[in-house]
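Participant: Below: one structure in structure tokens.
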Amino acid sequence: MTARLNLDGQEIKPLRICMIGAGGFIGSHLCEKLMETTKHSVLAIDVCGVKIQHLLALGQPWSDRIEFYKINIKSDTRLEGLIKVSDLVINLAAICTPADYNTRPLDTIYSNFVDALPVVQQCRDNGKRLIHFSTCEIYGKTIGSFLPRDHPLKADPAFSVLKEDETACIYGSIHKQRWSYACAKQLIERLIFGEGAENGMKFTIVRPFNWIGPRMDFIPGIDGPSDSIPRVLACFSNSLMKGEPLKLVDGGKSQRTFIYIKDAIEAVQKIIENPARANGHIFNVGNPHNEVTIQELAELMTDLYCKISGTARPEVVTVDVPSKEFYGVGYDDSDKRIPEMTQVRKQLEWEPKTSMYDLMEHTLKYQYSTYAEAVKKAMSKSTYK
Ligand SMILES: NC(=O)c1ccc[n+]([C@@H]2O[C@H](COP(=O)([O-])OP(=O)(O)OC[C@H]3O[C@@H](n4cnc5c(N)ncnc54)[C@H](O)[C@@H]3O)[C@@H](O)[C@H]2O)c1
């Protein structure tokens with residue numbers, strides 16, 4: 001491999017990266033990218049390594065560059081030793097499924113703030129650079145959502161486009177426990193930012209805006225608990241494979257922007273390899289061109305699923321469900337999330353490429369080939385719900 005250069009024309013030296021949460025959706029794609037296209041090595045930490053099994057198999061060209069550590073960062077003293085021997089720490093570990101925020105607020109807050117705190121402190125104490133994964137949920141509700149329904153300013157981007165260094169974070173009351181996740185993520189962001197300002201810690205904060213792709217979450221009762229609710233992609237995929245209407249929470253009117261995981265991982269790679277451009281920054285990483293309502297997402301997924309599986313479009317595609325029934329008491333939502341892109345464009349010369357149609361087609365092909373047979377088999381057994 002010829003020497004790879006960063007955005008400033010400097011040779012990229014191999015790094016040893018301590019990646020916490022490496023066995024999750026984003027971690028698995030990031031490990032894959034680093035193994036296939038770079039010489040960096042990864043100390044992969046997670047409570048579960050199933051999604052990176054294919055990378056850990058013996059005899060791969062990168063086998064000497066990836067090691068898996070089954071560690072729960074809540075309680076394992078090996079963590080600091082692994083941070084000490086690394087050049088860079090990336091923390092992806094979190095409870096990050098909306099169904100948990102109002103039903104397991106304590107676990108959510110502990111996971112996203114308390115468990116992340118020692119990682120920050122150990123990076124500070126050992127002089128390590130940290131890339132921390134936050135969320136677009138940090139913005140909460142838009143200012144535009146407080147305007148009357150038909151107010152002309154609702155269409156003004158100033159009232160809805162989310163800017164890293166300007167937009168206020170607006171959450172619901174404490175009774176709306178949905179905001180436990182956003183609030184914990186906000187506090188750890190503030191702490192990291194403070195460590196940078198007061199103690200000179202080198203950091204980058206990433207705010208993902210709905211990254212989507214293969215290996216996201218699980219299908220309930222197939223490779224995850226039957227009574228758990230995954231994020232929207234797996235929820236809708238599950239209903240499609242079962243031939244059931246897709247459940248639209250409160251009518252599916254919320255708007256979201258989706259980005260293909262492989263586009264987003266390119267931004268993360270640039271952050272890793274361009275520290276001089278990324279340190280001290282908070283980056284929105286999303287695709288503002290791929291905005292849809294959740295209802296439109298359901299329609300698109302149904303059309304694509306029928307094309308991929310060769311089945312006829314069902315007469316009833318969606319069914320409305322009140323959020324209280326679907327998520328329980330204390331649920332709330334943000335209306336709209338469009339990332340402002342100036343920071344990533346300017347610092348990292350990065351743009352997302354994949355359209356909504358293409359990213360969903362790639363993803364549903366994966367969902368269909370991985371799960372459809374297992375769902376069919378499980379449905380033939382009477383106990384499967
Ligand atoms: N996927 C997205 O679109 C998205 C959006 C916003 C924010 N994020 C953030 O990005 C990060 C990664 O998200 P993801 O989609 O890959 O989630 P994920 O749930 O697939 O991955 C998280 C991983 O962290 C691991 N983990 C959790 N607690 C741990 C602990 N105590 N010790 C060791 N490992 C632990 C889990 O086992 C899991 O493999 C999270 O911090 C999340 O909040 C993701």
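Ligands are numbered from 1 in the order shown, residues from 1 within each chain, and chains are lettered A, B, ... in the order they appear in the structure tokens.
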Throw together the list of residues within 7 Å of ligand 1, counting only C-alpha atoms and all ligand atoms, and drop it here as a ChimeraX atom specification.
Facilitator: /A:20-27,45-48,71-74,92-96,111,115,133-137,207-212,216-217
Participant: With a distance cut-off of 12 Å and only C-alpha atoms, select the neighbouring residues of Leu117 in chain A, excluding the residue or stretch itself and same-chain residues fewer than 2 positions from it, and output the selection as a ChimeraX atom specification.
Facilitator: /A:73-74,91,93,109-115,119-124,132,184-185,187-192,195
Participant: Write the residues of the preceding selection, restricted to N, CA and C atoms, as a PDB file, in the first residue's frame.
Facilitator:
```pdb
ATOM      1  N   ILE A  73     -17.763  -1.593  30.323  1.00  0.00           N
ATOM      2  CA  ILE A  73     -16.982  -0.440  30.820  1.00  0.00           C
ATOM      3  C   ILE A  73     -17.492   0.082  32.167  1.00  0.00           C
ATOM      4  N   LYS A  74     -18.683  -0.383  32.582  1.00  0.00           N
ATOM      5  CA  LYS A  74     -19.187   0.014  33.902  1.00  0.00           C
ATOM      6  C   LYS A  74     -18.288  -0.477  35.020  1.00  0.00           C
ATOM      7  N   ASN A  91     -15.303   6.645  21.669  1.00  0.00           N
ATOM      8  CA  ASN A  91     -16.346   6.076  22.523  1.00  0.00           C
ATOM      9  C   ASN A  91     -17.710   6.105  21.841  1.00  0.00           C
ATOM     10  N   ALA A  93     -20.018   3.588  22.985  1.00  0.00           N
ATOM     11  CA  ALA A  93     -20.881   2.769  23.854  1.00  0.00           C
ATOM     12  C   ALA A  93     -22.020   3.600  24.415  1.00  0.00           C
ATOM     13  N   ILE A 109     -29.442   7.249  31.517  1.00  0.00           N
ATOM     14  CA  ILE A 109     -28.586   8.339  32.028  1.00  0.00           C
ATOM     15  C   ILE A 109     -27.236   7.782  32.474  1.00  0.00           C
ATOM     16  N   TYR A 110     -27.258   6.631  33.179  1.00  0.00           N
ATOM     17  CA  TYR A 110     -25.982   6.044  33.619  1.00  0.00           C
ATOM     18  C   TYR A 110     -25.114   5.692  32.414  1.00  0.00           C
ATOM     19  N   SER A 111     -25.741   5.086  31.416  1.00  0.00           N
ATOM     20  CA  SER A 111     -24.957   4.663  30.254  1.00  0.00           C
ATOM     21  C   SER A 111     -24.353   5.852  29.517  1.00  0.00           C
ATOM     22  N   ASN A 112     -25.159   6.890  29.306  1.00  0.00           N
ATOM     23  CA  ASN A 112     -24.719   7.997  28.445  1.00  0.00           C
ATOM     24  C   ASN A 112     -23.926   9.077  29.162  1.00  0.00           C
ATOM     25  N   PHE A 113     -24.048   9.121  30.500  1.00  0.00           N
ATOM     26  CA  PHE A 113     -23.231  10.095  31.230  1.00  0.00           C
ATOM     27  C   PHE A 113     -22.262   9.407  32.207  1.00  0.00           C
ATOM     28  N   VAL A 114     -22.798   8.675  33.170  1.00  0.00           N
ATOM     29  CA  VAL A 114     -21.947   8.145  34.250  1.00  0.00           C
ATOM     30  C   VAL A 114     -20.878   7.204  33.697  1.00  0.00           C
ATOM     31  N   ASP A 115     -21.259   6.298  32.794  1.00  0.00           N
ATOM     32  CA  ASP A 115     -20.280   5.333  32.261  1.00  0.00           C
ATOM     33  C   ASP A 115     -19.280   5.987  31.306  1.00  0.00           C
ATOM     34  N   VAL A 119     -14.174   7.459  31.015  1.00  0.00           N
ATOM     35  CA  VAL A 119     -13.460   7.435  29.727  1.00  0.00           C
ATOM     36  C   VAL A 119     -12.869   8.817  29.461  1.00  0.00           C
ATOM     37  N   VAL A 120     -13.679   9.850  29.695  1.00  0.00           N
ATOM     38  CA  VAL A 120     -13.202  11.222  29.485  1.00  0.00           C
ATOM     39  C   VAL A 120     -12.040  11.509  30.450  1.00  0.00           C
ATOM     40  N   GLN A 121     -12.240  11.149  31.712  1.00  0.00           N
ATOM     41  CA  GLN A 121     -11.204  11.460  32.716  1.00  0.00           C
ATOM     42  C   GLN A 121      -9.901  10.723  32.427  1.00  0.00           C
ATOM     43  N   GLN A 122     -10.032   9.464  31.986  1.00  0.00           N
ATOM     44  CA  GLN A 122      -8.806   8.707  31.696  1.00  0.00           C
ATOM     45  C   GLN A 122      -8.103   9.252  30.455  1.00  0.00           C
ATOM     46  N   CYS A 123      -8.869   9.739  29.497  1.00  0.00           N
ATOM     47  CA  CYS A 123      -8.248  10.382  28.323  1.00  0.00           C
ATOM     48  C   CYS A 123      -7.509  11.641  28.780  1.00  0.00           C
ATOM     49  N   ARG A 124      -8.166  12.425  29.609  1.00  0.00           N
ATOM     50  CA  ARG A 124      -7.534  13.657  30.118  1.00  0.00           C
ATOM     51  C   ARG A 124      -6.249  13.321  30.890  1.00  0.00           C
ATOM     52  N   HIS A 132     -15.758  11.425  20.720  1.00  0.00           N
ATOM     53  CA  HIS A 132     -16.927  10.974  21.473  1.00  0.00           C
ATOM     54  C   HIS A 132     -18.184  11.061  20.609  1.00  0.00           C
ATOM     55  N   ALA A 184     -28.470  13.556  29.126  1.00  0.00           N
ATOM     56  CA  ALA A 184     -27.212  12.906  29.532  1.00  0.00           C
ATOM     57  C   ALA A 184     -26.131  13.146  28.478  1.00  0.00           C
ATOM     58  N   LYS A 185     -26.512  13.056  27.219  1.00  0.00           N
ATOM     59  CA  LYS A 185     -25.545  13.304  26.131  1.00  0.00           C
ATOM     60  C   LYS A 185     -25.088  14.765  26.174  1.00  0.00           C
ATOM     61  N   LEU A 187     -24.886  16.694  28.820  1.00  0.00           N
ATOM     62  CA  LEU A 187     -23.984  16.951  29.948  1.00  0.00           C
ATOM     63  C   LEU A 187     -22.577  16.403  29.671  1.00  0.00           C
ATOM     64  N   ILE A 188     -22.503  15.232  29.043  1.00  0.00           N
ATOM     65  CA  ILE A 188     -21.160  14.695  28.760  1.00  0.00           C
ATOM     66  C   ILE A 188     -20.477  15.554  27.681  1.00  0.00           C
ATOM     67  N   GLU A 189     -21.251  16.079  26.737  1.00  0.00           N
ATOM     68  CA  GLU A 189     -20.659  17.008  25.750  1.00  0.00           C
ATOM     69  C   GLU A 189     -20.103  18.239  26.457  1.00  0.00           C
ATOM     70  N   ARG A 190     -20.871  18.780  27.392  1.00  0.00           N
ATOM     71  CA  ARG A 190     -20.419  19.992  28.096  1.00  0.00           C
ATOM     72  C   ARG A 190     -19.154  19.699  28.899  1.00  0.00           C
ATOM     73  N   LEU A 191     -19.115  18.501  29.488  1.00  0.00           N
ATOM     74  CA  LEU A 191     -17.943  18.122  30.273  1.00  0.00           C
ATOM     75  C   LEU A 191     -16.701  17.992  29.386  1.00  0.00           C
ATOM     76  N   ILE A 192     -16.877  17.337  28.240  1.00  0.00           N
ATOM     77  CA  ILE A 192     -15.746  17.173  27.315  1.00  0.00           C
ATOM     78  C   ILE A 192     -15.283  18.543  26.817  1.00  0.00           C
ATOM     79  N   GLU A 195     -13.342  20.118  29.482  1.00  0.00           N
ATOM     80  CA  GLU A 195     -11.984  19.537  29.591  1.00  0.00           C
ATOM     81  C   GLU A 195     -11.074  20.128  28.516  1.00  0.00           C
TER      82      GLU A 195
END
```
Participant: DSSP on the backbone, strand (DSSP E) only: what residues of range 187-365 of chain A does that give? Format it as a PyMOL selection string.
Facilitator: chain A and resi 203-208+211-212+246-249+255-257+259-260+281-285+291-293+318-321+338-339
Participant: For those residues, write C-alpha atoms to a file as a PDB file, in the first residue's frame.
Facilitator:
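Final output, saved to part.pdb:
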```pdb
ATOM      1  CA  PHE A 203     -11.393  15.994  21.545  1.00  0.00           C
ATOM      2  CA  THR A 204     -13.914  15.813  18.721  1.00  0.00           C
ATOM      3  CA  ILE A 205     -17.643  15.351  19.278  1.00  0.00           C
ATOM      4  CA  VAL A 206     -19.739  13.660  16.562  1.00  0.00           C
ATOM      5  CA  ARG A 207     -23.495  14.233  16.391  1.00  0.00           C
ATOM      6  CA  PRO A 208     -24.965  11.500  14.130  1.00  0.00           C
ATOM      7  CA  TRP A 211     -27.277   6.786  10.272  1.00  0.00           C
ATOM      8  CA  ILE A 212     -28.891   3.806   8.540  1.00  0.00           C
ATOM      9  CA  LEU A 246     -46.218  -0.480   9.801  1.00  0.00           C
ATOM     10  CA  LYS A 247     -47.022   1.320  13.051  1.00  0.00           C
ATOM     11  CA  LEU A 248     -46.910   5.121  12.743  1.00  0.00           C
ATOM     12  CA  VAL A 249     -46.411   6.667  16.163  1.00  0.00           C
ATOM     13  CA  GLN A 255     -39.473  14.607   9.952  1.00  0.00           C
ATOM     14  CA  ARG A 256     -36.006  13.067   9.945  1.00  0.00           C
ATOM     15  CA  THR A 257     -32.966  13.156   7.663  1.00  0.00           C
ATOM     16  CA  ILE A 259     -27.724   9.114   5.900  1.00  0.00           C
ATOM     17  CA  TYR A 260     -26.200   5.910   4.611  1.00  0.00           C
ATOM     18  CA  HIS A 281     -14.850  20.706  16.971  1.00  0.00           C
ATOM     19  CA  ILE A 282     -18.373  19.389  17.250  1.00  0.00           C
ATOM     20  CA  PHE A 283     -19.613  17.971  13.942  1.00  0.00           C
ATOM     21  CA  ASN A 284     -23.134  17.296  12.717  1.00  0.00           C
ATOM     22  CA  VAL A 285     -22.846  14.247  10.469  1.00  0.00           C
ATOM     23  CA  GLU A 291     -35.487  14.475   4.638  1.00  0.00           C
ATOM     24  CA  VAL A 292     -38.729  12.496   4.935  1.00  0.00           C
ATOM     25  CA  THR A 293     -41.630  12.229   7.352  1.00  0.00           C
ATOM     26  CA  THR A 318     -49.664   1.742   7.841  1.00  0.00           C
ATOM     27  CA  VAL A 319     -51.667   2.002  11.030  1.00  0.00           C
ATOM     28  CA  ASP A 320     -51.618   4.940  13.492  1.00  0.00           C
ATOM     29  CA  VAL A 321     -50.652   4.242  17.108  1.00  0.00           C
ATOM     30  CA  ILE A 338     -31.949  19.004   9.598  1.00  0.00           C
ATOM     31  CA  PRO A 339     -28.170  19.234  10.088  1.00  0.00           C
TER      32      PRO A 339
END
```
Participant: For Ser145 in chain A, which residue among A:Phe326, A:Ser334, A:Glu198, A:Lys176 is the nearest when counting only C-alpha atoms?
Facilitator: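 The closest residue to Ser145 in chain A is A:Ser334.
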Participant: Go through A:Pro220, A:Pro105, A:Gly127, A:Gly59 one by one, measure the shortest atom-to-atom distance of each to Val89 in chain A using only C-alpha atoms, and give the residue with the smallest value.
Facilitator: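 Between A:Pro220, A:Pro105, A:Gly127, A:Gly59, the residue approaching Val89 in chain A most closely is A:Gly127.
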Participant: My list of candidates is A:Ser180, A:Thr37, A:Ser355, A:Thr342. Which is closest to Asp263 in chain A when distances are computed with only C-alpha atoms?
Facilitator: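 Answer, going by the shortest atom-to-atom distance: A:Ser355.
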Participant: Which polymer residues have any atom within 10 Å of an atom of Asn279 in chain A, counting only C-alpha atoms, with same-chain residues fewer than 4 positions away left out, as a list in words?
Facilitator: Arg129, Leu130, Ile131, Gly196, Met201, Lys202, Phe203, Thr204, Ile205, Ile271, Ile272, Asn274 and Pro275 of chain A
Participant: I'd like the neighbourhood of Ala234 in chain A as an mmCIF file with N, CA and C atoms, in the first residue's frame, where a residue qualifies if any of its atoms comes within 10 Å (using only C-alpha atoms), though same-chain residues fewer than 5 positions away should be ignored.
Facilitator:
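Saved result, selection.cif, follows:
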```cif
data_model
loop_
_atom_site.group_PDB
_atom_site.id
_atom_site.type_symbol
_atom_site.label_atom_id
_atom_site.label_comp_id
_atom_site.auth_asym_id
_atom_site.auth_seq_id
_atom_site.Cartn_x
_atom_site.Cartn_y
_atom_site.Cartn_z
ATOM 1 N N ARG A 215 -26.844 -4.217 9.599
ATOM 2 C CA ARG A 215 -26.407 -4.512 10.977
ATOM 3 C C ARG A 215 -26.933 -3.526 12.010
ATOM 4 N N MET A 216 -27.927 -2.711 11.645
ATOM 5 C CA MET A 216 -28.494 -1.802 12.637
ATOM 6 C C MET A 216 -29.488 -2.569 13.506
ATOM 7 N N ASP A 217 -29.278 -2.531 14.799
ATOM 8 C CA ASP A 217 -30.201 -3.122 15.772
ATOM 9 C C ASP A 217 -30.425 -4.623 15.536
ATOM 10 N N PHE A 218 -31.686 -5.066 15.689
ATOM 11 C CA PHE A 218 -32.007 -6.495 15.699
ATOM 12 C C PHE A 218 -33.476 -6.657 15.311
ATOM 13 N N ILE A 219 -33.820 -7.873 14.944
ATOM 14 C CA ILE A 219 -35.233 -8.161 14.708
ATOM 15 C C ILE A 219 -35.766 -8.897 15.951
ATOM 16 N N PRO A 220 -36.776 -8.320 16.628
ATOM 17 C CA PRO A 220 -37.264 -8.915 17.877
ATOM 18 C C PRO A 220 -37.648 -10.382 17.689
ATOM 19 N N ILE A 229 -38.192 -3.056 21.653
ATOM 20 C CA ILE A 229 -38.550 -2.275 20.461
ATOM 21 C C ILE A 229 -37.280 -1.635 19.906
ATOM 22 N N SER A 239 -42.065 -5.524 10.605
ATOM 23 C CA SER A 239 -43.480 -5.552 10.186
ATOM 24 C C SER A 239 -43.607 -5.975 8.724
ATOM 25 N N LEU A 240 -42.692 -5.468 7.875
ATOM 26 C CA LEU A 240 -42.757 -5.823 6.448
ATOM 27 C C LEU A 240 -42.561 -7.323 6.261
ATOM 28 N N LEU A 364 -32.504 -2.532 2.822
ATOM 29 C CA LEU A 364 -33.585 -3.521 2.837
ATOM 30 C C LEU A 364 -33.190 -4.830 2.150
ATOM 31 N N GLN A 367 -31.610 -6.562 4.949
ATOM 32 C CA GLN A 367 -32.601 -7.029 5.935
ATOM 33 C C GLN A 367 -33.315 -8.273 5.394
#
```
